[in-house]
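> The file below is data.cif, mmCIF, C-alpha atoms:
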data_query
loop_
_atom_site.label_atom_id
_atom_site.label_comp_id
_atom_site.auth_asym_id
_atom_site.auth_seq_id
_atom_site.Cartn_x
_atom_site.Cartn_y
_atom_site.Cartn_z
CA MET A 1249 72.68 138.36 109.64
CA PRO A 1250 75.61 137.58 107.40
CA VAL A 1251 75.45 134.52 105.15
CA THR A 1252 77.42 131.97 107.17
CA LEU A 1253 75.83 132.87 110.45
CA THR A 1254 72.38 132.70 108.88
CA LYS A 1255 73.04 129.23 107.48
CA VAL A 1256 74.32 127.89 110.79
CA HIS A 1257 71.48 129.52 112.71
CA LYS A 1258 68.92 128.03 110.33
CA HIS A 1259 70.48 124.56 110.54
CA ILE A 1260 70.57 124.60 114.34
CA SER A 1261 67.00 125.91 114.65
CA LYS A 1262 65.72 123.12 112.37
CA LYS A 1263 67.48 120.56 114.50
CA ARG A 1264 66.62 121.93 117.93
CA GLY A 1265 63.67 124.25 117.68
CA LYS A 1266 64.64 127.41 119.59
CA VAL A 1267 68.24 128.56 119.34
CA GLU A 1268 67.91 130.84 122.39
CA ALA A 1269 67.83 127.76 124.65
CA LEU A 1270 71.41 126.70 123.92
CA HIS A 1271 73.89 125.95 126.65
CA GLU A 1272 76.82 128.38 126.69
CA PHE A 1273 79.48 125.75 125.91
CA SER A 1274 77.46 123.42 123.70
CA ARG A 1275 78.62 122.35 120.24
CA ASP A 1276 75.89 124.39 118.57
CA ALA A 1277 76.80 127.52 120.53
CA ARG A 1278 80.43 127.08 119.46
CA ARG A 1279 79.34 126.69 115.84
CA LEU A 1280 77.38 129.94 116.09
CA ARG A 1281 80.33 131.77 117.63
CA ARG A 1282 82.71 130.46 114.94
CA ALA A 1283 80.30 131.43 112.16
CA GLY A 1284 79.90 134.93 113.62
CA ALA A 1285 83.67 135.33 113.96
CA ARG A 1286 84.18 134.18 110.37
CA ASP A 1287 81.62 136.66 109.08
CA ASP A 1288 83.36 139.44 111.00
CA ARG A 1289 86.72 138.45 109.47
CA VAL A 1290 85.27 138.36 105.95
CA ALA A 1291 83.59 141.75 106.40
CA SER A 1292 86.82 143.26 107.72
CA SER A 1293 88.78 141.82 104.81
CA ASN A 1294 86.25 143.16 102.30
CA THR A 1295 86.41 146.61 103.87
CA THR A 1296 90.21 146.65 103.70
CA THR A 1297 90.15 145.55 100.05
CA MET A 1298 87.61 148.19 99.08
CA LYS A 1299 89.63 150.93 100.81
CA ALA A 1300 92.74 149.87 98.91
CA ARG A 1301 90.88 149.91 95.58
CA GLN A 1302 89.12 153.24 96.14
CA PRO A 1303 91.87 155.56 94.76
CA TYR A 1304 91.92 153.57 91.53
CA MET A 1305 88.12 153.58 91.34
CA ASP A 1306 88.09 157.37 91.79
CA ARG A 1307 90.68 157.72 89.04
CA ILE A 1308 88.80 155.51 86.58
CA ASP A 1309 85.56 157.32 87.46
CA TYR A 1310 87.24 160.63 86.57
CA PHE A 1311 88.31 159.26 83.19
CA HIS A 1312 84.84 157.76 82.69
CA ASP A 1313 83.29 161.21 83.12
CA ALA A 1314 85.98 162.91 81.02
CA VAL A 1315 85.56 160.68 77.96
CA ALA A 1316 81.75 160.55 78.02
CA SER A 1317 81.47 163.06 75.17
CA LEU A 1318 84.46 161.85 73.12
CA GLU A 1319 83.92 160.01 69.84
CA GLU A 1320 87.52 159.29 68.79
CA PRO A 1321 90.52 157.93 70.73
CA LEU A 1322 92.93 160.46 72.22
CA SER A 1323 96.45 161.24 71.02
CA ASP A 1324 99.40 160.94 73.41
CA SER A 1325 99.54 164.69 74.05
CA GLU A 1326 95.79 164.84 74.74
CA MET A 1327 96.15 161.96 77.18
CA ALA A 1328 98.98 163.77 78.99
CA GLU A 1329 96.75 166.85 79.26
CA LEU A 1330 93.90 164.74 80.62
CA VAL A 1331 96.20 163.17 83.21
CA GLN A 1332 97.42 166.62 84.28
CA GLN A 1333 93.78 167.73 84.66
CA CYS A 1334 93.08 164.58 86.68
CA ILE A 1335 96.00 165.28 89.01
CA ASN A 1336 94.95 168.92 89.51
CA ARG A 1337 91.22 168.23 89.92
CA ASP A 1338 91.27 169.20 93.61
CA VAL A 1339 93.46 172.32 93.44
CA GLU A 1340 90.46 174.68 93.67
CA GLU A 1341 89.13 172.92 96.75
CA ILE A 1342 92.58 172.95 98.38
CA GLU A 1343 92.89 176.68 97.79
CA GLN A 1344 89.38 177.26 99.17
CA LEU A 1345 90.25 175.29 102.31
CA LYS A 1346 93.46 177.31 102.71
CA LYS A 1347 91.45 180.55 102.50
CA GLU A 1348 89.01 179.35 105.16
CA GLN A 1349 91.85 178.24 107.43
CA ARG A 1350 92.50 180.61 110.31
CA LYS A 1351 96.00 182.00 110.68
CA GLY A 1352 98.30 179.85 112.78
CA ARG A 1353 96.01 176.81 112.60
CA PRO A 1354 97.04 173.46 111.16
CA PRO A 1355 95.39 172.35 107.92
CA THR A 1356 92.18 170.33 108.08
CA ARG A 1357 92.19 166.59 107.47
CA ARG A 1358 90.40 167.07 104.18
CA GLN A 1359 93.03 169.58 103.04
CA GLU A 1360 95.85 167.26 104.07
CA ALA A 1361 94.25 164.30 102.28
CA LEU A 1362 93.73 166.24 99.05
CA THR A 1363 97.26 167.65 99.12
CA GLN A 1364 98.70 164.20 99.81
CA ARG A 1365 96.74 162.66 96.93
CA THR A 1366 97.83 165.40 94.52
CA GLN A 1367 101.49 164.95 95.50
CA THR A 1368 101.28 161.16 95.23
CA GLU A 1369 99.70 161.35 91.77
CA GLU A 1370 102.35 163.85 90.59
CA LYS A 1371 105.11 161.46 91.70
CA GLU A 1372 103.31 158.59 90.00
CA PHE A 1373 103.04 160.59 86.76
CA LYS A 1374 106.83 160.96 86.71
CA THR A 1375 107.34 157.19 86.98
CA GLY A 1376 104.20 156.01 85.15
CA PHE A 1377 100.57 157.02 85.74
CA TRP A 1378 98.26 153.96 85.68
CA MET A 1379 95.22 154.57 83.48
CA PRO A 1380 93.09 153.02 80.73
CA ASP A 1381 94.67 153.09 77.26
CA LEU A 1382 92.51 155.83 75.74
CA THR A 1383 94.36 155.63 72.42
CA ASP A 1384 92.49 152.37 71.75
CA ALA A 1385 88.92 152.76 70.43
CA SER A 1386 87.72 149.51 72.04
CA VAL A 1387 88.92 150.70 75.47
CA LEU A 1388 87.15 154.02 74.95
CA VAL A 1389 83.86 152.23 74.20
CA ALA A 1390 84.34 149.88 77.17
CA LEU A 1391 85.05 152.83 79.48
CA LYS A 1392 81.90 154.60 78.35
CA LYS A 1393 79.86 151.45 79.08
CA TRP A 1394 81.61 150.83 82.42
CA ASN A 1395 79.19 149.94 85.23
CA ALA A 1396 81.28 151.55 88.03
CA GLN A 1397 82.22 148.14 89.41
CA TRP A 1398 85.76 146.88 90.01
CA SER A 1399 85.02 143.66 88.14
CA GLY A 1400 83.98 145.64 85.05
CA LEU A 1401 87.53 146.96 84.65
CA SER A 1402 88.98 143.57 83.73
CA GLN A 1403 87.71 143.99 80.15
CA MET A 1404 89.85 147.08 79.51
CA LYS A 1405 93.46 147.47 78.48
CA PHE A 1406 95.58 149.59 80.82
CA MET A 1407 98.89 151.39 80.47
CA ARG A 1408 101.33 153.53 82.38
CA LEU A 1409 101.86 157.00 80.91
CA LEU A 1410 105.11 158.72 81.85
CA GLN A 1411 105.45 162.50 82.08
CA SER A 1412 107.96 162.32 79.25
CA GLY A 1413 105.17 160.99 76.99
CA GLU A 1414 106.35 157.39 76.92
CA LYS A 1415 103.70 154.65 77.20
CA LYS A 1416 104.18 151.27 78.85
CA ALA A 1417 101.69 148.40 78.83
CA SER A 1418 100.21 147.60 82.22
CA SER A 1419 97.97 144.98 83.76
CA PHE A 1420 94.76 144.95 85.72
CA PRO A 1421 94.73 145.11 88.70
CA PRO A 1422 97.71 147.45 89.12
CA ASN A 1423 100.65 145.72 90.78
CA GLY A 1424 103.68 147.83 91.54
CA MET A 1425 105.00 149.17 88.26
CA SER A 1426 103.22 146.70 85.95
#
Write out the structure in this file as structure tokens.


Amino acid sequence: MPVTLTKVHKHISKKRGKVEALHEFSRDARRLRRAGARDDRVASSNTTTMKARQPYMDRIDYFHDAVASLEEPLSDSEMAELVQQCINRDVEEIEQLKKEQRKGRPPTRRQEALTQRTQTEEKEFKTGFWMPDLTDASVLVALKKWNAQWSGLSQMKFMRLLQSGEKKASSFPPNGMS
């Protein structure tokens, strides 16, 4: 049982004994229904939040793996190369899915999702690709020690890297073009 429902259930069972013997419209039954509904709302909200954060988590995870063997901060041109590699990380899988696709058939959902993500990230790179500032040694160390949790990202400094090579400071979490 979720937390709120468990607390209410425990409180009612201490007061009454068996919870199964409640009347359908009693105060305690209403409390249980409200607690269950609240837990459902909270779980739904958490799921929505996690789905919205997932693309950023995947991106940071890619950079986490890419800088694992680095000792020194990257230059601007090396960062642009790394971003381009990040954007094109699924090209091989997309091509493999296209080869497996029968003639005249629509693309699979996986192929559509990968293509859509690649296109979105290319557009974002033109206007400012959100990423950790890998030119800073402290950020590099923090990224290597990252625990793969959203809350662990608040310690890092982020930036937006434009395709032209320009860098702009950014915030965590990413909001629009910050």

> Restricting the calculation to all atoms listed in the file: of A:Lys1405, A:Lys1392, A:Lys1347, A:Lys1263, which residue gets closest to Leu1318 of chain A?

A:Lys1392

> Within 6 Å of (106.1, 157.2, 84.2) (coordinates as in the file), grab all the protein and nucleic acid residues, counting only C-alpha atoms, and write them out as a PyMOL selection string.

chain A and resi 1373-1377+1409-1411

> Between A:Leu1253, A:Met1298, A:Leu1345, A:Val1315, single out the one closest to Ala1277 of chain A, counting only C-alpha atoms.

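Checking each of A:Leu1253, A:Met1298, A:Leu1345, A:Val1315 against Ala1277 of chain A, counting only C-alpha atoms, the winner is A:Leu1253.
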
> How far is it from atom CA of Ala1385 of chain A to atom CA of Gly1400 of chain A, in Å with one decimal?

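These two atoms are separated by 17.0 Å.
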
> By how many Å are atom CA of His1312 of chain A and atom CA of Asn1294 of chain A apart?

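We find that atom CA of His1312 of chain A and atom CA of Asn1294 of chain A lie 24.5 Å from each other.
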
> Could you check how far atom CA of Asn1423 of chain A sits from atom CA of Leu1391 of chain A, in Å to one decimal?

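According to the coordinates, atom CA of Asn1423 of chain A and atom CA of Leu1391 of chain A are separated by 20.5 Å.
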
> Would you please work out which residue, of A:Thr1383, A:Asn1395, A:Thr1252, A:Ser1261, is nearest to Ser1325 of chain A when using only C-alpha atoms?

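Under the stated criterion, the closest residue is A:Thr1383.
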
> Could you give me, as a PyMOL selection string, the residues within 12 Å of Gln1344 of chain A, counting all atoms listed in the file and dropping anything in the same chain fewer than 5 positions from it?

chain A and resi 1338-1339+1349+1355-1356+1358-1359+1362

> Select, from A:Trp1394, A:Asp1381, A:Arg1275, A:Arg1286, the residue with the minimum atom-to-atom distance to Arg1408 of chain A, counting all atoms listed in the file.

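For Arg1408 of chain A, the nearest of the candidates is A:Asp1381.
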
> Return the single residue from A:Gln1397, A:Gln1332, A:Ser1274, A:Gln1403 that is closest to Tyr1304 of chain A, with distances computed using all atoms listed in the file.

A:Gln1397

> For the provided coordinates, the residues matched by the PyMOL selection byres ((chain A and resi 1284) around 12) should be stated as an MDAnalysis selection string.

chainID A and resid 1249:1257 1277:1283 1285:1291

> Would you mind putting N, CA, C and O atoms back on segment 1323-1343 of chain A and writing the result as a short mmCIF file (atom, residue, chain, number, x, y, z; two decimals), in the frame of the given file?


data_model
loop_
_atom_site.label_atom_id
_atom_site.label_comp_id
_atom_site.auth_asym_id
_atom_site.auth_seq_id
_atom_site.Cartn_x
_atom_site.Cartn_y
_atom_site.Cartn_z
N SER A 1323 95.02 161.31 71.38
CA SER A 1323 96.45 161.24 71.02
C SER A 1323 97.26 161.23 72.32
O SER A 1323 96.72 161.45 73.41
N ASP A 1324 98.54 161.00 72.22
CA ASP A 1324 99.40 160.94 73.41
C ASP A 1324 99.43 162.27 74.14
O ASP A 1324 99.39 162.32 75.38
N SER A 1325 99.49 163.38 73.40
CA SER A 1325 99.54 164.69 74.05
C SER A 1325 98.20 165.01 74.73
O SER A 1325 98.18 165.60 75.81
N GLU A 1326 97.10 164.62 74.12
CA GLU A 1326 95.79 164.84 74.74
C GLU A 1326 95.63 164.00 76.01
O GLU A 1326 95.05 164.46 76.99
N MET A 1327 96.20 162.80 75.98
CA MET A 1327 96.15 161.96 77.18
C MET A 1327 96.97 162.57 78.30
O MET A 1327 96.56 162.56 79.46
N ALA A 1328 98.14 163.13 77.97
CA ALA A 1328 98.98 163.77 78.99
C ALA A 1328 98.26 164.97 79.59
O ALA A 1328 98.32 165.19 80.81
N GLU A 1329 97.55 165.72 78.75
CA GLU A 1329 96.75 166.85 79.26
C GLU A 1329 95.65 166.37 80.19
O GLU A 1329 95.40 166.97 81.24
N LEU A 1330 94.98 165.29 79.80
CA LEU A 1330 93.90 164.74 80.62
C LEU A 1330 94.42 164.24 81.96
O LEU A 1330 93.78 164.45 83.00
N VAL A 1331 95.59 163.63 81.96
CA VAL A 1331 96.20 163.17 83.21
C VAL A 1331 96.54 164.36 84.10
O VAL A 1331 96.29 164.34 85.30
N GLN A 1332 97.08 165.42 83.50
CA GLN A 1332 97.42 166.62 84.28
C GLN A 1332 96.15 167.23 84.88
O GLN A 1332 96.16 167.66 86.04
N GLN A 1333 95.05 167.24 84.13
CA GLN A 1333 93.78 167.73 84.66
C GLN A 1333 93.29 166.83 85.80
O GLN A 1333 92.75 167.31 86.80
N CYS A 1334 93.48 165.53 85.64
CA CYS A 1334 93.08 164.58 86.68
C CYS A 1334 93.87 164.83 87.96
O CYS A 1334 93.30 164.83 89.05
N ILE A 1335 95.15 165.04 87.83
CA ILE A 1335 96.00 165.28 89.01
C ILE A 1335 95.59 166.57 89.71
O ILE A 1335 95.54 166.64 90.93
N ASN A 1336 95.27 167.61 88.94
CA ASN A 1336 94.95 168.92 89.51
C ASN A 1336 93.46 169.14 89.74
O ASN A 1336 93.02 170.27 89.91
N ARG A 1337 92.67 168.07 89.78
CA ARG A 1337 91.22 168.23 89.92
C ARG A 1337 90.79 168.81 91.27
O ARG A 1337 89.70 169.34 91.39
N ASP A 1338 91.65 168.73 92.28
CA ASP A 1338 91.27 169.20 93.61
C ASP A 1338 91.97 170.49 94.01
O ASP A 1338 91.85 170.93 95.15
N VAL A 1339 92.69 171.13 93.10
CA VAL A 1339 93.46 172.32 93.44
C VAL A 1339 92.54 173.45 93.92
O VAL A 1339 92.86 174.14 94.90
N GLU A 1340 91.40 173.62 93.26
CA GLU A 1340 90.46 174.68 93.67
C GLU A 1340 89.96 174.46 95.09
O GLU A 1340 89.88 175.40 95.89
N GLU A 1341 89.62 173.22 95.41
CA GLU A 1341 89.13 172.92 96.75
C GLU A 1341 90.22 173.12 97.80
O GLU A 1341 89.96 173.63 98.89
N ILE A 1342 91.46 172.76 97.46
CA ILE A 1342 92.58 172.95 98.38
C ILE A 1342 92.78 174.44 98.66
O ILE A 1342 92.96 174.85 99.81
N GLU A 1343 92.73 175.24 97.61
CA GLU A 1343 92.89 176.68 97.79
C GLU A 1343 91.75 177.27 98.61
O GLU A 1343 91.97 178.14 99.45
#
